[in-house]
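Asks: Quick one, upload_7.tsv (TSV, C-alpha atoms):
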chain	number	residue	atom	x	y	z
A	1239	MET	CA	-7.31	-27.68	3.50
A	1240	VAL	CA	-9.59	-30.34	2.07
A	1241	ARG	CA	-12.79	-28.46	1.63
A	1242	ARG	CA	-13.51	-24.85	2.27
A	1243	ARG	CA	-16.51	-22.77	2.91
A	1244	VAL	CA	-16.57	-19.39	1.33
A	1245	LEU	CA	-18.69	-16.98	3.29
A	1246	SER	CA	-20.15	-13.87	1.88
A	1247	LEU	CA	-20.69	-11.55	4.79
A	1248	ALA	CA	-22.55	-8.77	3.06
A	1249	ALA	CA	-25.90	-9.85	4.42
A	1250	PHE	CA	-25.12	-9.85	8.11
A	1251	VAL	CA	-22.87	-6.86	7.88
A	1252	LEU	CA	-25.67	-4.84	6.40
A	1253	ALA	CA	-27.98	-6.16	9.10
A	1254	PHE	CA	-25.68	-4.50	11.61
A	1255	GLY	CA	-25.92	-1.20	9.86
A	1256	LEU	CA	-22.29	-1.07	8.83
A	1257	GLY	CA	-22.71	-1.29	5.10
A	1258	ALA	CA	-21.58	0.96	2.34
A	1259	SER	CA	-19.39	3.28	4.40
A	1260	ALA	CA	-16.16	2.19	2.75
A	1261	GLY	CA	-17.65	1.26	-0.57
A	1262	TRP	CA	-16.71	-2.42	-0.38
A	1263	ALA	CA	-19.64	-4.74	-0.62
A	1264	GLU	CA	-18.26	-7.64	1.35
A	1265	ILE	CA	-15.23	-9.32	2.79
A	1266	ARG	CA	-14.07	-12.67	1.53
A	1267	VAL	CA	-13.53	-15.31	4.15
A	1268	VAL	CA	-12.50	-18.92	3.69
A	1269	GLU	CA	-12.95	-21.19	6.68
A	1270	PRO	CA	-11.61	-24.74	6.89
A	1271	ASP	CA	-14.16	-27.42	7.78
A	1272	LYS	CA	-12.45	-27.70	11.11
A	1273	PRO	CA	-9.62	-25.66	12.58
A	1274	GLU	CA	-6.22	-26.74	11.32
A	1275	THR	CA	-3.19	-27.27	13.52
A	1276	LEU	CA	-0.05	-25.29	12.75
A	1277	PRO	CA	3.09	-27.31	12.04
A	1278	ALA	CA	6.26	-26.95	14.12
A	1279	PHE	CA	8.57	-24.16	12.98
A	1280	ALA	CA	11.40	-22.16	14.52
A	1281	LEU	CA	11.58	-18.48	13.60
A	1282	SER	CA	12.62	-15.33	15.46
A	1283	ASP	CA	10.63	-12.25	16.28
A	1284	HIS	CA	11.84	-8.68	15.81
A	1285	LYS	CA	13.23	-8.66	19.35
A	1286	GLY	CA	15.34	-11.71	18.63
A	1287	GLN	CA	13.12	-13.99	20.70
A	1288	PRO	CA	12.18	-17.45	19.40
A	1289	PHE	CA	8.90	-17.51	17.56
A	1290	THR	CA	7.31	-20.94	17.36
A	1291	ALA	CA	3.78	-22.33	17.08
A	1292	GLU	CA	3.53	-21.94	20.86
A	1293	ARG	CA	3.35	-18.18	20.41
A	1294	TYR	CA	-0.01	-18.62	18.74
A	1295	LYS	CA	-1.61	-20.25	21.78
A	1296	GLY	CA	-3.78	-18.45	24.29
A	1297	HIS	CA	-4.97	-15.59	22.13
A	1298	TRP	CA	-6.33	-14.72	18.74
A	1299	SER	CA	-3.87	-13.77	16.03
A	1300	LEU	CA	-3.89	-12.24	12.60
A	1301	THR	CA	-0.96	-13.29	10.44
A	1302	THR	CA	0.06	-11.85	7.12
A	1303	ILE	CA	2.93	-12.66	4.81
A	1304	GLY	CA	5.01	-9.96	3.20
A	1305	PHE	CA	8.41	-8.35	2.91
A	1306	THR	CA	9.66	-5.04	4.19
A	1307	SER	CA	10.79	-3.74	0.79
A	1308	CYS	CA	7.24	-4.06	-0.54
A	1309	PRO	CA	6.22	-0.48	-1.30
A	1310	ASP	CA	2.55	-0.85	-2.06
A	1311	VAL	CA	0.53	-3.79	-0.83
A	1312	CYS	CA	2.19	-4.87	2.44
A	1313	PRO	CA	2.08	-1.44	4.13
A	1314	PHE	CA	-1.54	-1.04	3.18
A	1315	VAL	CA	-2.50	-4.45	4.49
A	1316	LEU	CA	-0.74	-3.65	7.77
A	1317	SER	CA	-2.41	-0.23	7.93
A	1318	ASN	CA	-5.73	-1.94	7.36
A	1319	ILE	CA	-4.98	-4.34	10.20
A	1320	VAL	CA	-4.20	-1.36	12.45
A	1321	GLU	CA	-7.67	-0.13	11.63
A	1322	VAL	CA	-9.20	-3.59	12.20
A	1323	ILE	CA	-7.69	-3.65	15.69
A	1324	SER	CA	-8.92	-0.13	16.32
A	1325	GLN	CA	-12.42	-1.13	15.26
A	1326	MET	CA	-12.26	-4.24	17.42
A	1327	THR	CA	-11.59	-2.17	20.52
A	1328	LEU	CA	-15.19	-1.02	20.17
A	1329	ARG	CA	-16.46	-4.57	20.12
A	1330	VAL	CA	-14.36	-6.84	22.32
A	1331	HIS	CA	-12.54	-6.81	25.64
A	1332	PRO	CA	-8.92	-5.63	25.33
A	1333	ASP	CA	-7.77	-9.14	26.28
A	1334	LYS	CA	-9.44	-10.45	23.15
A	1335	LEU	CA	-7.69	-8.15	20.73
A	1336	PRO	CA	-5.67	-10.32	18.35
A	1337	GLN	CA	-1.92	-10.27	18.22
A	1338	VAL	CA	-0.69	-9.30	14.79
A	1339	VAL	CA	2.13	-11.24	13.16
A	1340	PHE	CA	3.91	-10.02	10.06
A	1341	VAL	CA	5.93	-12.81	8.48
A	1342	GLY	CA	8.81	-11.34	6.48
A	1343	VAL	CA	9.73	-13.85	3.81
A	1344	ASP	CA	12.75	-11.89	2.58
A	1345	PRO	CA	15.00	-12.46	5.62
A	1346	GLY	CA	18.13	-10.87	4.16
A	1347	ARG	CA	16.42	-7.52	3.79
A	1348	ASP	CA	13.73	-7.95	6.46
A	1349	ALA	CA	15.74	-8.95	9.53
A	1350	PRO	CA	17.81	-5.72	9.82
A	1351	VAL	CA	14.79	-3.43	9.68
A	1352	MET	CA	12.03	-5.60	11.13
A	1353	ALA	CA	11.87	-3.97	14.59
A	1354	ASP	CA	11.46	-0.48	13.17
A	1355	TYR	CA	9.20	-1.77	10.45
A	1356	VAL	CA	6.53	-3.29	12.65
A	1357	ALA	CA	6.77	-0.47	15.21
A	1358	HIS	CA	5.94	1.97	12.44
A	1359	PHE	CA	2.49	0.41	12.31
A	1360	ASP	CA	1.96	-0.59	15.93
A	1361	PRO	CA	4.51	-1.21	18.69
A	1362	LYS	CA	2.58	-4.36	19.62
A	1363	PHE	CA	2.88	-5.94	16.18
A	1364	ILE	CA	5.25	-8.87	15.95
A	1365	GLY	CA	7.64	-9.09	13.02
A	1366	VAL	CA	8.87	-12.59	12.33
A	1367	THR	CA	11.48	-13.97	10.01
A	1368	GLY	CA	14.13	-16.68	9.82
A	1369	SER	CA	15.59	-19.20	7.42
A	1370	HIS	CA	13.68	-20.00	4.27
A	1371	GLU	CA	13.42	-23.57	5.44
A	1372	GLU	CA	11.59	-22.54	8.62
A	1373	LEU	CA	9.59	-19.79	6.90
A	1374	ALA	CA	8.33	-22.35	4.42
A	1375	LYS	CA	6.95	-24.49	7.26
A	1376	LEU	CA	4.86	-21.68	8.74
A	1377	VAL	CA	3.80	-20.38	5.34
A	1378	LYS	CA	2.65	-23.83	4.28
A	1379	GLY	CA	0.87	-24.27	7.60
A	1380	ILE	CA	-1.20	-21.17	6.99
A	1381	ASP	CA	-1.95	-22.24	3.41
A	1382	GLY	CA	0.22	-19.41	2.11
A	1383	PHE	CA	2.76	-19.03	-0.63
A	1384	TYR	CA	5.86	-17.03	-1.41
A	1385	ARG	CA	8.57	-17.00	-3.99
A	1386	ILE	CA	11.76	-14.96	-4.27
A	1387	GLY	CA	12.44	-13.89	-7.83
A	1388	LYS	CA	15.78	-13.85	-9.60
A	1389	ALA	CA	18.01	-10.86	-8.96
A	1390	LYS	CA	18.00	-8.26	-11.70
A	1391	LYS	CA	21.02	-6.32	-12.94
A	1392	ASP	CA	20.79	-3.82	-10.11
A	1393	GLY	CA	20.62	-6.60	-7.54
A	1394	ASP	CA	16.98	-5.99	-6.77
A	1395	TYR	CA	14.57	-8.90	-6.90
A	1396	GLU	CA	10.87	-9.38	-6.65
A	1397	VAL	CA	9.04	-11.20	-3.94
A	1398	GLN	CA	5.68	-12.75	-4.60
A	1399	HIS	CA	3.57	-13.74	-1.65
A	1400	SER	CA	0.04	-14.63	-0.73
A	1401	ALA	CA	-2.20	-11.72	-0.01
A	1402	SER	CA	-4.45	-13.14	2.66
A	1403	VAL	CA	-4.66	-12.58	6.40
A	1404	ILE	CA	-4.85	-15.74	8.49
A	1405	VAL	CA	-6.99	-15.91	11.61
A	1406	THR	CA	-5.81	-18.27	14.35
A	1407	GLY	CA	-7.62	-18.89	17.61
A	1408	PRO	CA	-6.45	-19.31	21.21
A	1409	ASP	CA	-6.13	-23.03	20.44
A	1410	GLY	CA	-3.27	-22.07	18.12
A	1411	GLN	CA	-5.18	-23.39	15.13
A	1412	VAL	CA	-6.10	-21.81	11.82
A	1413	HIS	CA	-9.75	-20.77	11.80
A	1414	ALA	CA	-10.07	-18.59	8.74
A	1415	LYS	CA	-8.37	-16.89	5.85
A	1416	LEU	CA	-9.40	-13.37	4.89
A	1417	SER	CA	-8.74	-12.12	1.38
A	1418	PRO	CA	-8.22	-8.47	0.51
A	1419	PRO	CA	-9.58	-5.91	0.20
A	1420	LEU	CA	-10.04	-5.83	3.95
A	1421	ASP	CA	-12.81	-3.54	5.01
A	1422	PRO	CA	-11.68	-2.88	8.59
A	1423	GLY	CA	-15.15	-2.48	10.09
A	1424	LYS	CA	-16.44	-5.63	8.49
A	1425	VAL	CA	-13.38	-7.65	9.37
A	1426	ALA	CA	-13.64	-6.44	12.99
A	1427	GLU	CA	-17.29	-7.46	13.04
A	1428	TYR	CA	-16.46	-10.85	11.59
A	1429	LEU	CA	-13.69	-11.44	14.13
A	1430	ALA	CA	-15.88	-10.37	17.05
A	1431	ARG	CA	-18.54	-12.84	15.96
A	1432	LYS	CA	-15.93	-15.51	15.43
A	1433	GLN	CA	-14.74	-15.04	18.99
A	1434	ILE	CA	-18.26	-15.36	20.35
A	1435	ALA	CA	-18.85	-18.54	18.33
A	1436	TYR	CA	-15.52	-19.93	19.49
A	1437	ALA	CA	-16.31	-19.23	23.15
A	1438	ARG	CA	-19.67	-20.96	22.74
A	1439	VAL	CA	-18.01	-24.07	21.35
A	1440	GLN	CA	-15.44	-24.05	24.16
A	1441	ARG	CA	-18.18	-23.84	26.80
A	1442	SER	CA	-20.14	-26.74	25.27
A	1443	ASN	CA	-17.06	-28.96	25.16
B	707	MET	CA	14.51	24.70	-13.18
B	708	THR	CA	11.03	23.56	-13.91
B	709	SER	CA	10.26	23.12	-10.25
B	710	ASN	CA	11.32	26.69	-9.52
B	711	LEU	CA	8.88	27.90	-12.12
B	712	TYR	CA	6.20	25.81	-10.56
B	713	LYS	CA	6.80	27.25	-7.11
B	714	THR	CA	6.64	30.77	-8.45
B	715	CYS	CA	3.40	30.00	-10.22
B	716	LEU	CA	1.91	28.59	-7.08
B	717	GLY	CA	2.99	31.75	-5.25
B	718	CYS	CA	1.25	33.86	-7.85
B	719	LEU	CA	-1.87	31.88	-7.40
B	720	THR	CA	-2.12	32.02	-3.64
B	721	GLY	CA	-5.71	32.65	-2.79
B	722	ALA	CA	-6.83	32.05	-6.34
B	723	ALA	CA	-8.47	28.98	-7.73
B	724	MET	CA	-6.23	26.03	-7.07
B	725	ILE	CA	-6.71	24.41	-10.42
B	726	LEU	CA	-3.53	24.90	-12.39
B	727	SER	CA	-4.81	24.78	-15.90
B	728	ALA	CA	-3.11	25.88	-19.08
B	729	GLN	CA	-4.71	29.28	-18.62
B	730	THR	CA	-3.20	29.81	-15.20
B	731	VAL	CA	0.23	28.92	-16.47
B	732	GLN	CA	-0.22	31.54	-19.17
B	733	ALA	CA	-1.34	34.02	-16.54
B	734	CYS	CA	1.97	33.51	-14.79
B	735	GLU	CA	3.85	34.26	-17.96
B	736	ALA	CA	2.67	37.84	-17.66
B	737	HIS	CA	4.38	38.12	-14.32
B	738	ALA	CA	7.53	40.26	-14.64
B	739	PHE	CA	10.01	38.01	-12.91
B	740	LEU	CA	9.01	35.06	-15.00
B	741	ALA	CA	9.97	36.85	-18.21
B	742	THR	CA	13.14	34.88	-18.69
B	743	GLN	CA	11.24	31.62	-18.42
B	744	THR	CA	8.48	32.49	-20.84
B	745	ALA	CA	9.76	30.19	-23.54
B	746	GLU	CA	9.67	27.28	-21.17
B	747	ALA	CA	6.20	28.14	-19.94
B	748	LYS	CA	4.92	28.28	-23.50
B	749	THR	CA	6.07	24.75	-24.11
B	750	ALA	CA	4.19	23.91	-21.00
B	751	THR	CA	0.82	24.78	-22.41
B	752	LYS	CA	1.20	22.04	-25.01
B	753	SER	CA	1.07	19.12	-22.61
B	754	PRO	CA	-2.49	17.95	-22.21
B	755	VAL	CA	-1.66	15.73	-19.24
B	756	MET	CA	-2.28	16.95	-15.72
B	757	ALA	CA	-1.32	15.29	-12.46
B	758	MET	CA	-3.50	15.53	-9.36
B	759	ASP	CA	-3.55	14.32	-5.78
B	760	ALA	CA	0.06	13.17	-5.84
B	761	TRP	CA	1.27	11.74	-2.56
B	762	VAL	CA	3.87	9.45	-1.06
B	763	PRO	CA	2.94	7.49	2.05
B	764	VAL	CA	5.56	7.62	4.77
B	765	ALA	CA	7.44	4.34	4.69
B	766	PRO	CA	8.61	2.55	7.81
B	767	PRO	CA	12.15	3.49	8.88
B	768	GLY	CA	14.91	1.78	6.96
B	769	VAL	CA	12.66	0.77	4.10
B	770	LYS	CA	14.20	1.76	0.79
B	771	ALA	CA	11.21	1.11	-1.47
B	772	HIS	CA	8.60	3.83	-1.42
B	773	ALA	CA	5.48	4.32	-3.50
B	774	ALA	CA	3.94	7.39	-5.07
B	775	TYR	CA	0.30	7.67	-6.02
B	776	LEU	CA	-1.47	10.21	-8.19
B	777	VAL	CA	-4.16	10.69	-10.75
B	778	LEU	CA	-3.22	11.58	-14.32
B	779	MET	CA	-5.74	13.26	-16.56
B	780	ASN	CA	-5.32	13.49	-20.30
B	781	HIS	CA	-7.32	16.50	-21.45
B	782	GLY	CA	-6.05	16.17	-24.99
B	783	ALA	CA	-7.60	14.55	-28.02
B	784	ASP	CA	-4.85	11.98	-28.48
B	785	LEU	CA	-3.76	8.91	-26.64
B	786	ARG	CA	-0.66	9.62	-24.57
B	787	ALA	CA	1.46	7.32	-22.47
B	788	VAL	CA	3.82	7.69	-19.55
B	789	THR	CA	7.04	6.02	-20.60
B	790	ALA	CA	9.43	6.90	-17.79
B	791	VAL	CA	9.49	8.30	-14.30
B	792	HIS	CA	12.27	10.05	-12.48
B	793	SER	CA	12.74	11.63	-9.09
B	794	PRO	CA	15.90	13.52	-8.15
B	795	GLN	CA	15.38	12.41	-4.54
B	796	TYR	CA	15.62	8.68	-5.30
B	797	ALA	CA	18.19	6.40	-6.87
B	798	SER	CA	15.59	5.06	-9.28
B	799	ALA	CA	11.91	5.15	-10.10
B	800	ALA	CA	9.67	2.86	-12.11
B	801	ILE	CA	6.04	2.20	-12.83
B	802	HIS	CA	4.67	-0.91	-11.21
B	803	ALA	CA	1.32	-2.59	-10.95
B	804	SER	CA	0.35	-4.66	-7.95
B	805	GLN	CA	-2.01	-7.48	-8.72
B	806	VAL	CA	-3.47	-10.38	-6.85
B	807	LYS	CA	-3.22	-13.48	-9.03
B	808	ASP	CA	-4.70	-16.63	-7.52
B	809	GLY	CA	-4.41	-15.10	-4.08
B	810	VAL	CA	-0.76	-14.12	-4.57
B	811	ASN	CA	0.49	-10.55	-4.58
B	812	VAL	CA	2.51	-9.96	-7.70
B	813	MET	CA	4.24	-6.74	-8.64
B	814	GLN	CA	4.72	-6.18	-12.32
B	815	HIS	CA	7.04	-3.67	-13.93
B	816	LEU	CA	5.34	-1.69	-16.70
B	817	ALA	CA	7.23	-0.15	-19.61
B	818	GLN	CA	4.46	2.37	-20.10
B	819	VAL	CA	1.01	3.34	-18.95
B	820	ASP	CA	-1.48	4.51	-21.54
B	821	LEU	CA	-3.47	7.65	-20.88
B	822	PRO	CA	-6.53	7.54	-23.16
B	823	ALA	CA	-7.76	10.86	-24.51
B	824	GLY	CA	-10.23	12.56	-22.23
B	825	SER	CA	-9.70	10.05	-19.43
B	826	SER	CA	-8.00	9.85	-16.10
B	827	VAL	CA	-5.82	7.04	-14.82
B	828	ALA	CA	-5.46	6.57	-11.08
B	829	PHE	CA	-2.27	5.28	-9.50
B	830	LYS	CA	-3.51	3.96	-6.18
B	831	PRO	CA	-2.76	1.39	-3.50
B	832	HIS	CA	-3.10	-2.23	-4.63
B	833	GLY	CA	-2.85	-1.10	-8.23
B	834	LEU	CA	-0.67	1.13	-10.32
B	835	HIS	CA	2.03	2.93	-8.42
B	836	ILE	CA	5.32	4.66	-8.97
B	837	MET	CA	7.94	2.70	-7.12
B	838	LEU	CA	10.68	4.90	-5.73
B	839	MET	CA	13.84	3.03	-4.81
B	840	GLY	CA	16.65	4.26	-2.61
B	841	PRO	CA	15.76	7.62	-1.04
B	842	LYS	CA	18.84	9.85	-1.04
B	843	LYS	CA	17.90	11.16	2.39
B	844	PRO	CA	15.19	10.28	4.93
B	845	VAL	CA	11.68	11.16	3.87
B	846	ALA	CA	9.33	12.61	6.49
B	847	PRO	CA	5.69	13.72	6.55
B	848	GLY	CA	5.32	17.17	5.04
B	849	ASP	CA	8.23	16.70	2.63
B	850	THR	CA	7.68	17.20	-1.05
B	851	ILE	CA	8.87	14.67	-3.59
B	852	ASP	CA	9.55	15.89	-7.11
B	853	LEU	CA	8.51	13.53	-9.84
B	854	ALA	CA	9.10	13.94	-13.55
B	855	LEU	CA	6.89	11.83	-15.76
B	856	THR	CA	8.10	11.48	-19.33
B	857	LEU	CA	5.39	11.12	-21.94
B	858	ASP	CA	5.62	9.37	-25.28
B	859	ASP	CA	5.59	12.73	-27.08
B	860	GLY	CA	8.81	13.68	-25.33
B	861	THR	CA	7.28	16.16	-22.92
B	862	THR	CA	7.61	15.86	-19.19
B	863	VAL	CA	4.96	16.36	-16.56
B	864	ALA	CA	6.51	17.69	-13.36
B	865	VAL	CA	4.66	16.68	-10.24
B	866	LYS	CA	4.98	17.61	-6.58
B	867	ALA	CA	3.98	14.75	-4.32
B	868	GLU	CA	3.26	15.37	-0.68
B	869	VAL	CA	4.63	12.92	1.87
B	870	ARG	CA	2.02	11.99	4.41
B	871	LYS	CA	0.93	9.26	6.73
B	872	ARG	CA	-0.88	6.33	5.30
B	873	GLY	CA	-4.47	5.80	6.30
B	874	ALA	CA	-6.32	2.54	6.44
B	875	THR	CA	-7.85	3.37	3.11
B	876	PRO	CA	-6.40	5.53	0.39
B	877	PRO	CA	-7.25	9.13	1.20
B	878	MET	CA	-9.24	11.11	-1.31
B	879	ASN	CA	-7.89	14.57	-1.10
B	880	HIS	CA	-9.19	17.54	-2.96
B	881	ASP	CA	-6.63	20.18	-2.20
B	882	HIS	CA	-4.97	19.47	-5.53
B	883	MET	CA	-1.50	19.92	-4.16
B	884	GLY	CA	0.78	18.45	-6.73
B	885	HIS	CA	-1.08	19.85	-9.68
B	886	ASP	CA	1.27	20.73	-12.39
B	887	HIS	CA	1.16	21.06	-16.03
B	888	LYS	CA	4.02	21.77	-18.27
B	889	GLY	CA	6.53	20.43	-20.68
B	890	SER	CA	10.25	20.62	-20.38
Rewrite the structure of this file - the entire thing - as structure tokens.
Replies:
Amino acid sequence: MVRRRVLSLAAFVLAFGLGASAGWAEIRVVEPDKPETLPAFALSDHKGQPFTAERYKGHWSLTTIGFTSCPDVCPFVLSNIVEVISQMTLRVHPDKLPQVVFVGVDPGRDAPVMADYVAHFDPKFIGVTGSHEELAKLVKGIDGFYRIGKAKKDGDYEVQHSASVIVTGPDGQVHAKLSPPLDPGKVAEYLARKQIAYARVQRSN
Amino acid sequence: MTSNLYKTCLGCLTGAAMILSAQTVQACEAHAFLATQTAEAKTATKSPVMAMDAWVPVAPPGVKAHAAYLVLMNHGADLRAVTAVHSPQYASAAIHASQVKDGVNVMQHLAQVDLPAGSSVAFKPHGLHIMLMGPKKPVAPGDTIDLALTLDDGTTVAVKAEVRKRGATPPMNHDHMGHDHKGS
């Protein structure tokens, strides 16, 4: 991304009477100057089906990077996304609810448990993993980062990964990056507005 | 052993105030069938550190890394520190801190966590947590996880953590399940 706009959403969120309930003042959103195209990549979903950039087309998506052995942050981000989707059902047509993609960057440990892992949060969530070479393509395309640490004596290793949630539109392009903490109500409000703005642009084109 | 004492104490206190303070532990000492454990209970009154609101979110199936959260209060006049954590239900346990550095989630292993005198330290999502590795059997909502926190003065704080579903935001519970307060 060449230049980014950082939006503070506190003002309009408060205008909609949603403020203060969760104690977080704002959500942090970074939007590229114009939507960015995803690169080609070849991964697999938790059902063993191919997962490529094509799977992002035709609907909104929220994508987050993580690993299934992550005890603290990843499950909470996914739980927050469950709540975001729940909040969105109050605001948008069911067809407009985003698909949720969890990119497991620790394929050796993620692949065997991915189906159960994503279903634990929502049966509709998509768990994706694959070779590091292909993971790196998608992760780079969503301006993310991950690194697998060296194995310790007990064989365990750490995984560092970017914390943000990426918003892609029905055009399959990256429209925004949300940084935690994710206040579900505010994120849902942001996404609903984003969809309206997107539809307006589509109609004028 | 210590957990049995705890259960008995809790039984004694059913219907009473749910704050297990040093006084309530002493009250239990008077109970006849705790006579043999009096010595242990006396040691207990020395530890100024109390654990509250301990819980373990249910992890997705097959996931071997769990987290425990709690609040530790140091009622004493001296700085204390948690130097080790153990749970008989897991292969290993450690104190970790999750941090976001330059937009990247990093988990750091901590050798100890300081508990300043008269203060509380919260272990909560996206921050300090007890990482529990390798559950010895499946963990389900409603289960209780035993945690033993070793302090720098050599005492141990035994904690009961309730396993429950994870909400979108960390729950603030006030039932004080998991309160405990004793040495070992």
Asks: Which is closer to Val812 in chain B than all the others in A:Ala1435, A:Val1397, A:Val1351, A:Ala1374, using all atoms listed in the file?
Replies: A:Val1397
Asks: Write out as number ranges by chain every residue belonging to chain B that has an atom at most 6 Å from any atom of chain A, counting all atoms listed in the file.
Replies: B: 766-769, 771-773, 809-812, 831-832, 874
Asks: Produce a file of the selected residues containing C-alpha atoms, as a short mmCIF file (atom, residue, chain, number, x, y, z; two decimals), in the frame of the given file.
Replies:
data_model
loop_
_atom_site.label_atom_id
_atom_site.label_comp_id
_atom_site.auth_asym_id
_atom_site.auth_seq_id
_atom_site.Cartn_x
_atom_site.Cartn_y
_atom_site.Cartn_z
CA PRO B 766 8.61 2.55 7.81
CA PRO B 767 12.15 3.49 8.88
CA GLY B 768 14.91 1.78 6.96
CA VAL B 769 12.66 0.77 4.10
CA ALA B 771 11.21 1.11 -1.47
CA HIS B 772 8.60 3.83 -1.42
CA ALA B 773 5.48 4.32 -3.50
CA GLY B 809 -4.41 -15.10 -4.08
CA VAL B 810 -0.76 -14.12 -4.57
CA ASN B 811 0.49 -10.55 -4.58
CA VAL B 812 2.51 -9.96 -7.70
CA PRO B 831 -2.76 1.39 -3.50
CA HIS B 832 -3.10 -2.23 -4.63
CA ALA B 874 -6.32 2.54 6.44
#
Asks: Hey, can you check how far CA of Gly1342 in chain A sits from CA of Val1366 in chain A?
Replies: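 Computing it gives 6.0 Å between the two atoms.
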Asks: To one decimal in Å, tell me the separation between CA of His1413 in chain A and CA of Glu1274 in chain A.
Replies: 7.0 Å
Asks: Enumerate, as a list in words, the protein, DNA and RNA residues whose atoms approach (-8.6, 12.6, -23.7) to within 6 Å, taking into account all atoms listed in the file and the coordinate frame of the file.
Replies: Asn780, His781, Gly782, Ala783, Pro822, Ala823, Gly824 and Ser825 of chain B
Asks: If I take CA of Ile1323 in chain A and CA of Val1341 in chain A, how far is one from the other in Å, to one decimal?
Replies: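 Rounded to one decimal, the two atoms are 17.9 Å apart.
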Asks: Tell me which protein, DNA and RNA residues are within 9 Å of Tyr775 in chain B, counting all atoms listed in the file, leaving out same-chain ones fewer than 4 positions away, and put them as a VMD selection string.
Replies: chain B and resid 759 to 763 828 to 831 834 to 836 867
Asks: Using all atoms listed in the file, which residues sit within 8 Å of Leu855 in chain B once same-chain residues fewer than 6 positions away are excluded, as a ChimeraX atom specification?
Replies: /B:788-792,862-865
Asks: Write out N, CA and C atoms for range 1366-1378 of chain A, as a PDB file, in the frame of the given file.
Replies:
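Contents of the output file rebuild.pdb:
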ATOM      1  N   VAL A1366       8.251 -11.274  12.223  1.00  0.00           N
ATOM      2  CA  VAL A1366       8.870 -12.590  12.330  1.00  0.00           C
ATOM      3  C   VAL A1366       9.611 -12.909  11.048  1.00  0.00           C
ATOM      4  N   THR A1367      10.805 -13.449  11.184  1.00  0.00           N
ATOM      5  CA  THR A1367      11.480 -13.970  10.010  1.00  0.00           C
ATOM      6  C   THR A1367      12.467 -15.057  10.441  1.00  0.00           C
ATOM      7  N   GLY A1368      13.192 -15.594   9.506  1.00  0.00           N
ATOM      8  CA  GLY A1368      14.130 -16.680   9.820  1.00  0.00           C
ATOM      9  C   GLY A1368      14.613 -17.301   8.536  1.00  0.00           C
ATOM     10  N   SER A1369      15.076 -18.540   8.629  1.00  0.00           N
ATOM     11  CA  SER A1369      15.590 -19.200   7.420  1.00  0.00           C
ATOM     12  C   SER A1369      14.427 -19.532   6.493  1.00  0.00           C
ATOM     13  N   HIS A1370      14.737 -19.639   5.219  1.00  0.00           N
ATOM     14  CA  HIS A1370      13.680 -20.000   4.270  1.00  0.00           C
ATOM     15  C   HIS A1370      13.084 -21.368   4.590  1.00  0.00           C
ATOM     16  N   GLU A1371      13.906 -22.234   5.102  1.00  0.00           N
ATOM     17  CA  GLU A1371      13.420 -23.570   5.440  1.00  0.00           C
ATOM     18  C   GLU A1371      12.318 -23.488   6.515  1.00  0.00           C
ATOM     19  N   GLU A1372      12.570 -22.665   7.529  1.00  0.00           N
ATOM     20  CA  GLU A1372      11.590 -22.540   8.620  1.00  0.00           C
ATOM     21  C   GLU A1372      10.403 -21.670   8.197  1.00  0.00           C
ATOM     22  N   LEU A1373      10.694 -20.630   7.407  1.00  0.00           N
ATOM     23  CA  LEU A1373       9.590 -19.790   6.900  1.00  0.00           C
ATOM     24  C   LEU A1373       8.616 -20.644   6.103  1.00  0.00           C
ATOM     25  N   ALA A1374       9.181 -21.524   5.283  1.00  0.00           N
ATOM     26  CA  ALA A1374       8.330 -22.350   4.420  1.00  0.00           C
ATOM     27  C   ALA A1374       7.365 -23.202   5.245  1.00  0.00           C
ATOM     28  N   LYS A1375       7.814 -23.653   6.417  1.00  0.00           N
ATOM     29  CA  LYS A1375       6.950 -24.490   7.260  1.00  0.00           C
ATOM     30  C   LYS A1375       5.727 -23.686   7.733  1.00  0.00           C
ATOM     31  N   LEU A1376       5.982 -22.500   8.255  1.00  0.00           N
ATOM     32  CA  LEU A1376       4.860 -21.680   8.740  1.00  0.00           C
ATOM     33  C   LEU A1376       3.965 -21.276   7.571  1.00  0.00           C
ATOM     34  N   VAL A1377       4.585 -20.853   6.492  1.00  0.00           N
ATOM     35  CA  VAL A1377       3.800 -20.380   5.340  1.00  0.00           C
ATOM     36  C   VAL A1377       2.910 -21.501   4.815  1.00  0.00           C
ATOM     37  N   LYS A1378       3.456 -22.699   4.736  1.00  0.00           N
ATOM     38  CA  LYS A1378       2.650 -23.830   4.280  1.00  0.00           C
ATOM     39  C   LYS A1378       1.524 -24.110   5.281  1.00  0.00           C
TER      40      LYS A1378
END
